[in-house]
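Peer 1: Please find input_29.csv (CSV, C-alpha atoms) on the next line:
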chain,number,residue,atom,x,y,z
A,747,MET,CA,120.6,109.2,118.2
A,748,GLY,CA,123.8,107.2,117.6
A,749,PHE,CA,125.2,104.0,119.1
A,750,SER,CA,128.7,102.7,119.7
A,751,VAL,CA,130.0,99.6,118.0
A,752,ILE,CA,129.1,96.6,120.0
A,753,THR,CA,132.1,94.7,121.4
A,754,GLY,CA,132.7,91.9,123.8
A,755,LYS,CA,131.1,88.5,124.2
A,756,VAL,CA,127.9,87.0,125.7
A,757,VAL,CA,126.8,83.5,126.1
A,758,ASP,CA,123.6,81.7,127.1
A,759,ASP,CA,123.5,81.3,130.9
A,760,GLY,CA,121.4,78.1,130.6
A,761,GLY,CA,118.7,79.5,132.7
A,762,GLY,CA,115.8,80.4,130.5
A,763,GLY,CA,117.2,82.0,127.4
A,764,GLU,CA,118.8,85.2,128.8
A,765,LEU,CA,122.3,86.0,127.6
A,766,GLY,CA,125.1,86.3,130.1
A,767,ILE,CA,128.7,87.5,129.8
A,768,MET,CA,131.5,85.1,128.7
A,769,GLU,CA,134.6,85.0,130.8
A,770,GLY,CA,137.5,86.3,128.8
A,771,ASP,CA,140.6,88.5,128.8
A,772,GLN,CA,140.4,91.6,131.0
A,773,GLY,CA,140.7,93.9,127.9
A,774,GLY,CA,137.7,92.3,126.2
A,775,GLU,CA,135.7,92.4,129.5
A,776,LEU,CA,136.5,96.1,129.9
A,777,ASP,CA,135.4,96.8,126.3
A,778,LEU,CA,132.1,95.0,127.0
A,779,GLN,CA,131.5,97.0,130.2
A,780,VAL,CA,132.2,100.3,128.4
A,781,CYS,CA,130.0,99.3,125.5
A,782,LEU,CA,127.1,98.3,127.7
A,783,LEU,CA,127.4,101.5,129.7
A,784,SER,CA,127.4,103.5,126.5
A,785,LEU,CA,124.3,101.7,125.2
A,786,GLU,CA,122.5,102.3,128.5
A,787,ASP,CA,123.3,106.0,128.1
A,788,CYS,CA,122.0,106.1,124.5
A,789,THR,CA,118.8,104.1,125.1
A,790,VAL,CA,116.2,103.8,127.8
A,791,PHE,CA,117.3,100.2,128.5
A,792,THR,CA,119.2,98.6,131.4
A,793,ARG,CA,122.1,96.3,130.8
A,794,LYS,CA,119.9,93.3,131.3
A,795,GLU,CA,117.3,94.5,128.8
A,796,ILE,CA,120.0,95.2,126.2
A,797,LEU,CA,121.2,91.6,126.5
A,798,ARG,CA,117.6,90.4,126.4
A,799,LEU,CA,117.1,92.3,123.1
A,800,TYR,CA,120.3,90.8,121.7
A,801,HIS,CA,118.9,87.4,122.5
A,802,ARG,CA,115.7,88.3,120.6
A,803,TYR,CA,117.8,89.4,117.6
A,804,HIS,CA,119.9,86.3,117.7
A,805,ALA,CA,116.8,84.1,117.9
A,806,LEU,CA,115.5,85.5,114.7
A,807,ALA,CA,118.4,84.0,112.7
A,808,PRO,CA,120.7,81.9,115.0
A,809,GLN,CA,122.5,80.6,111.9
A,810,ILE,CA,123.5,84.2,111.0
A,811,VAL,CA,123.7,86.1,114.3
A,812,PRO,CA,126.6,85.1,116.5
A,813,HIS,CA,125.6,83.8,120.0
A,814,HIS,CA,127.9,86.5,121.4
A,815,PHE,CA,128.5,90.2,120.7
A,816,ASN,CA,131.1,90.4,117.9
A,817,ASP,CA,133.2,93.5,117.3
A,818,SER,CA,134.2,92.5,113.8
A,819,ALA,CA,131.2,90.9,112.1
A,820,ASP,CA,128.8,93.3,110.3
A,821,ILE,CA,125.7,91.3,110.9
A,822,LYS,CA,122.4,92.5,109.3
A,823,LEU,CA,119.1,90.8,109.1
A,824,PRO,CA,116.5,91.4,106.4
A,825,LEU,CA,113.5,93.5,107.4
A,826,ASP,CA,111.1,90.8,106.2
A,827,LEU,CA,112.5,88.5,108.9
A,828,ILE,CA,112.2,91.1,111.7
A,829,SER,CA,108.7,92.0,110.6
A,830,GLU,CA,107.6,88.5,111.7
A,831,MET,CA,108.2,89.4,115.4
A,832,PRO,CA,104.8,89.3,117.2
A,833,GLU,CA,105.4,92.9,118.4
A,834,LEU,CA,105.5,94.1,114.8
A,835,LYS,CA,103.5,91.6,112.8
A,836,GLU,CA,100.1,92.9,113.6
A,837,ASN,CA,101.1,96.6,113.4
A,838,PRO,CA,99.6,98.1,110.2
A,839,PHE,CA,102.7,100.4,109.9
A,840,HIS,CA,105.3,97.7,110.6
A,841,GLN,CA,106.9,98.0,107.1
A,842,LYS,CA,107.5,101.7,107.4
A,843,ILE,CA,108.6,101.4,111.0
A,844,LEU,CA,111.3,99.0,110.0
A,845,GLN,CA,112.4,101.2,107.0
A,846,VAL,CA,112.6,104.3,109.3
A,847,PHE,CA,114.9,102.6,111.8
A,848,SER,CA,117.0,100.8,109.2
A,849,ALA,CA,120.2,102.7,108.3
A,850,ASP,CA,120.7,100.2,105.4
A,851,GLU,CA,119.2,101.1,102.1
A,852,GLN,CA,119.3,97.4,101.2
A,853,GLU,CA,116.3,96.6,103.5
A,854,ASN,CA,118.4,95.2,106.3
A,855,MET,CA,118.7,96.0,110.0
A,856,THR,CA,121.8,95.8,112.3
A,857,PHE,CA,121.5,95.1,116.0
A,858,ASN,CA,122.2,98.8,116.6
A,859,ASP,CA,119.1,99.7,114.4
A,860,PHE,CA,117.1,97.0,116.2
A,861,LEU,CA,118.0,98.4,119.6
A,862,ASN,CA,117.3,101.9,118.5
A,863,MET,CA,113.9,101.0,117.3
A,864,PHE,CA,112.8,99.3,120.5
A,865,SER,CA,114.2,102.2,122.6
A,866,ILE,CA,112.3,104.9,120.7
A,867,LEU,CA,109.1,102.9,120.8
A,868,SER,CA,109.5,102.3,124.6
A,869,ASP,CA,107.1,103.9,127.1
A,870,LEU,CA,110.1,105.5,128.7
A,871,THR,CA,111.2,107.5,125.7
A,872,PRO,CA,110.7,111.3,125.9
A,873,HIS,CA,107.7,112.6,123.9
A,874,HIS,CA,109.7,114.9,121.6
A,875,LEU,CA,111.7,111.9,120.3
A,876,LYS,CA,108.6,109.8,119.8
A,877,ALA,CA,107.0,112.7,117.9
A,878,PHE,CA,110.1,113.0,115.6
A,879,TYR,CA,110.0,109.3,114.7
A,880,ALA,CA,106.2,109.1,114.4
A,881,PHE,CA,106.4,112.0,111.9
A,882,LYS,CA,109.0,110.0,109.8
A,883,ILE,CA,106.9,106.9,109.9
A,884,TYR,CA,103.7,108.7,108.8
A,885,ASP,CA,105.7,110.5,106.0
A,886,PHE,CA,105.1,107.7,103.6
A,887,ASN,CA,106.5,109.5,100.5
A,888,SER,CA,109.6,110.7,102.5
A,889,ASP,CA,109.3,114.3,101.4
A,890,ASN,CA,109.7,115.6,105.0
A,891,PHE,CA,106.1,116.6,105.2
A,892,ILE,CA,102.8,114.8,105.9
A,893,CYS,CA,100.6,115.7,103.0
A,894,GLN,CA,97.2,114.6,101.7
A,895,SER,CA,98.6,111.4,100.1
A,896,ASP,CA,100.3,110.4,103.4
A,897,LEU,CA,97.1,110.8,105.3
A,898,GLU,CA,95.2,108.7,102.7
A,899,VAL,CA,97.8,105.9,103.1
A,900,MET,CA,97.6,106.2,106.9
A,901,LEU,CA,93.8,105.9,106.9
A,902,SER,CA,93.9,103.0,104.4
A,903,LYS,CA,96.3,101.0,106.7
A,904,LEU,CA,94.2,101.8,109.8
A,905,THR,CA,90.7,101.1,108.4
A,906,GLY,CA,91.2,99.0,105.2
A,907,ASP,CA,88.2,99.7,103.0
A,908,GLU,CA,85.8,100.7,105.8
A,909,LEU,CA,85.8,104.4,104.8
A,910,SER,CA,84.3,105.8,101.6
A,911,ASP,CA,86.3,108.2,99.5
A,912,GLU,CA,84.2,111.0,100.8
A,913,GLU,CA,84.8,110.0,104.4
A,914,VAL,CA,88.6,109.8,103.8
A,915,GLN,CA,88.5,113.3,102.3
A,916,LEU,CA,86.6,114.6,105.3
A,917,VAL,CA,89.1,113.1,107.8
A,918,CYS,CA,92.0,114.5,105.8
A,919,ASN,CA,90.5,117.9,105.7
A,920,LYS,CA,89.8,117.9,109.4
A,921,VAL,CA,93.4,116.9,110.2
A,922,MET,CA,94.7,119.7,108.0
A,923,GLU,CA,92.3,122.2,109.4
A,924,GLU,CA,93.5,121.4,113.0
A,925,GLY,CA,97.2,120.9,112.3
A,926,ASP,CA,98.3,123.0,109.3
A,927,LEU,CA,99.3,126.1,111.1
A,928,ASP,CA,100.8,127.9,108.1
A,929,ALA,CA,98.0,126.8,105.8
A,930,ASP,CA,100.4,125.4,103.1
A,931,GLY,CA,98.4,122.2,102.6
A,932,LYS,CA,100.8,119.9,104.4
A,933,LEU,CA,102.1,119.2,107.9
A,934,SER,CA,105.6,120.1,108.9
A,935,LEU,CA,107.3,118.5,111.9
A,936,ALA,CA,106.3,121.6,114.0
A,937,ASP,CA,102.7,121.3,112.8
A,938,PHE,CA,102.7,117.6,113.7
A,939,GLU,CA,104.2,118.2,117.2
A,940,TYR,CA,101.5,120.9,117.8
A,941,MET,CA,98.7,118.6,116.7
A,942,ILE,CA,99.7,115.6,118.9
A,943,THR,CA,99.9,117.9,122.0
A,944,ARG,CA,96.2,118.1,121.5
A,945,ALA,CA,95.8,114.4,121.5
A,946,PRO,CA,97.4,113.2,124.8
A,947,ASP,CA,96.5,109.5,124.1
A,948,PHE,CA,98.6,109.4,120.9
A,949,MET,CA,101.9,108.9,122.6
A,950,SER,CA,100.6,106.2,124.9
A,951,THR,CA,99.7,104.1,121.9
A,952,PHE,CA,103.0,104.7,120.0
A,953,HIS,CA,105.0,102.0,121.7
A,954,ILE,CA,106.1,98.4,121.5
A,955,ARG,CA,106.7,96.4,124.7
A,956,ILE,CA,109.5,93.9,125.0
Produce structure tokens that represent the structure in this file.
Peer 2:
Amino acid sequence: MGFSVITGKVVDDGGGGELGIMEGDQGGELDLQVCLLSLEDCTVFTRKEILRLYHRYHALAPQIVPHHFNDSADIKLPLDLISEMPELKENPFHQKILQVFSADEQENMTFNDFLNMFSILSDLTPHHLKAFYAFKIYDFNSDNFICQSDLEVMLSKLTGDELSDEEVQLVCNKVMEEGDLDADGKLSLADFEYMITRAPDFMSTFHIRI
């Protein structure tokens, strides 16, 4: 899923923190309208929600992020800063979530990345897209499969030290037994998609509200 470069300007409307549109030249205004329409098409968000998310991004580092959309500044925020958001901070997978949605190998996130993340993790996103990104998040060693070591990391993050080594092994074996369709000892994306169709509650929990 790709996004257009953000152009145009927005300013605080003075009424509770939402960002509004700055009066400007007609060309810049047209660019903003086209950009917002494009972002609405590429995400599950309305224009108002996109501006609200820009406000959240700006509030994380007001000294770095312009108070308006800027078509020339290549603004990026460190993942450590974004991980402090309440929606992410308590999530045991927050570090991997941020890494998956960051297009920057230097541990930074642009507003496009930020918007993409919240869109995919919205309740309104189609299940096949959620499944694709959930698979990437649970693929901790980034080898395009979910294997035994990935499952062990997942369980560790979910339960801490509550499970014994034997219990962890039993859970991993059960997951592989149910999901490993070609019996190769690891889960492909197709295996993962099949497995979660048998767990309808999974997608309802794979979300972040804004």
Peer 1: Anything within 10 Å of (92.5, 117.1, 104.8): list those residues as a PyMOL selection string, counting only C-alpha atoms and sticking to the file's coordinates.
Peer 2: chain A and resi 893-895+897-898+914-926+931-932
Peer 1: Please, what distance in Å, to one decimal, runs between atom CA of A:Met900 and atom CA of A:Ser865?
Peer 2: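 Between atom CA of A:Met900 and atom CA of A:Ser865 the gap works out to 23.2 Å.
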Peer 1: Considering only C-alpha atoms, state which residue in the set A:Lys882, A:Lys822, A:His874, A:His840 is at the smallest distance from A:Tyr803.
Peer 2: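 Residue with the minimum atom-to-atom distance to A:Tyr803: A:Lys822.
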Peer 1: Tell me which of A:Val811, A:Met855, A:Val780, A:Ala849 sits closest to A:Ser829, counting all atoms listed in the file.
Peer 2: A:Met855
Peer 1: Within 9 Å of A:Phe864, counting all atoms listed in the file, which residues qualify if same-chain residues fewer than 5 places away don't, as JSON, numbers by chain?
Peer 2: {"A": [789, 799, 859, 953, 954, 955, 956]}
Peer 1: Include C-alpha atoms and write out the residues we just selected as a PDB file, in the coordinates of the input.
Peer 2:
ATOM      1  CA  THR A 789     118.800 104.100 125.100  1.00  0.00           C
ATOM      2  CA  LEU A 799     117.100  92.300 123.100  1.00  0.00           C
ATOM      3  CA  ASP A 859     119.100  99.700 114.400  1.00  0.00           C
ATOM      4  CA  HIS A 953     105.000 102.000 121.700  1.00  0.00           C
ATOM      5  CA  ILE A 954     106.100  98.400 121.500  1.00  0.00           C
ATOM      6  CA  ARG A 955     106.700  96.400 124.700  1.00  0.00           C
ATOM      7  CA  ILE A 956     109.500  93.900 125.000  1.00  0.00           C
TER       8      ILE A 956
END
Peer 1: Can you work out which one of A:Leu870, A:Leu834, A:Ala880, A:Ile821 has the shortest atom-to-atom distance to A:Asn854, counting all atoms listed in the file?
Peer 2: A:Ile821
Peer 1: Find the residues around A:Pro838 up to 10 Å (all atoms listed in the file counted), leave out those fewer than 4 positions away in its own chain, and share them as a list in words.
Peer 2: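 Selected residues are Leu834, Lys842, Ile843, Met900, Ser902, Lys903, Leu904, Thr905 and Gly906 of chain A.
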Peer 1: One number please: atom CA of A:Ser934 to atom CA of A:Val790, in Å, one decimal.
Peer 2: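 So the answer is 27.1 Å.
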Peer 1: How many Å separate atom CA of A:Pro824 from atom CA of A:Asp787?
Peer 2: 27.0 Å
Peer 1: Applying 12 Å and only C-alpha atoms, which residues near A:Leu935 remain after dropping the ones on its own chain fewer than 2 positions away? List them as a PyMOL selection string.
Peer 2: chain A and resi 874-885+889-893+925-927+932-933+937-942
Peer 1: Write the selection just made, keeping C-alpha atoms, as an mmCIF file, keeping the file's coordinate frame?
Peer 2:
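Written output follows (result_10.cif):
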data_model
loop_
_atom_site.group_PDB
_atom_site.id
_atom_site.type_symbol
_atom_site.label_atom_id
_atom_site.label_comp_id
_atom_site.auth_asym_id
_atom_site.auth_seq_id
_atom_site.Cartn_x
_atom_site.Cartn_y
_atom_site.Cartn_z
ATOM 1 C CA HIS A 874 109.700 114.900 121.600
ATOM 2 C CA LEU A 875 111.700 111.900 120.300
ATOM 3 C CA LYS A 876 108.600 109.800 119.800
ATOM 4 C CA ALA A 877 107.000 112.700 117.900
ATOM 5 C CA PHE A 878 110.100 113.000 115.600
ATOM 6 C CA TYR A 879 110.000 109.300 114.700
ATOM 7 C CA ALA A 880 106.200 109.100 114.400
ATOM 8 C CA PHE A 881 106.400 112.000 111.900
ATOM 9 C CA LYS A 882 109.000 110.000 109.800
ATOM 10 C CA ILE A 883 106.900 106.900 109.900
ATOM 11 C CA TYR A 884 103.700 108.700 108.800
ATOM 12 C CA ASP A 885 105.700 110.500 106.000
ATOM 13 C CA ASP A 889 109.300 114.300 101.400
ATOM 14 C CA ASN A 890 109.700 115.600 105.000
ATOM 15 C CA PHE A 891 106.100 116.600 105.200
ATOM 16 C CA ILE A 892 102.800 114.800 105.900
ATOM 17 C CA CYS A 893 100.600 115.700 103.000
ATOM 18 C CA GLY A 925 97.200 120.900 112.300
ATOM 19 C CA ASP A 926 98.300 123.000 109.300
ATOM 20 C CA LEU A 927 99.300 126.100 111.100
ATOM 21 C CA LYS A 932 100.800 119.900 104.400
ATOM 22 C CA LEU A 933 102.100 119.200 107.900
ATOM 23 C CA ASP A 937 102.700 121.300 112.800
ATOM 24 C CA PHE A 938 102.700 117.600 113.700
ATOM 25 C CA GLU A 939 104.200 118.200 117.200
ATOM 26 C CA TYR A 940 101.500 120.900 117.800
ATOM 27 C CA MET A 941 98.700 118.600 116.700
ATOM 28 C CA ILE A 942 99.700 115.600 118.900
#
Peer 1: Which of these residues is nearest to A:Leu785, using only C-alpha atoms: A:Phe847, A:Leu861, A:Pro832, A:Gln809?
Peer 2: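 For A:Leu785, the nearest of the candidates is A:Leu861.
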Peer 1: Compare A:Val846, A:Leu901, A:Ala805, A:Leu825 by their minimum atom-to-atom distance to A:Glu913, counting all atoms listed in the file, and give me the closest one.
Peer 2: A:Leu901
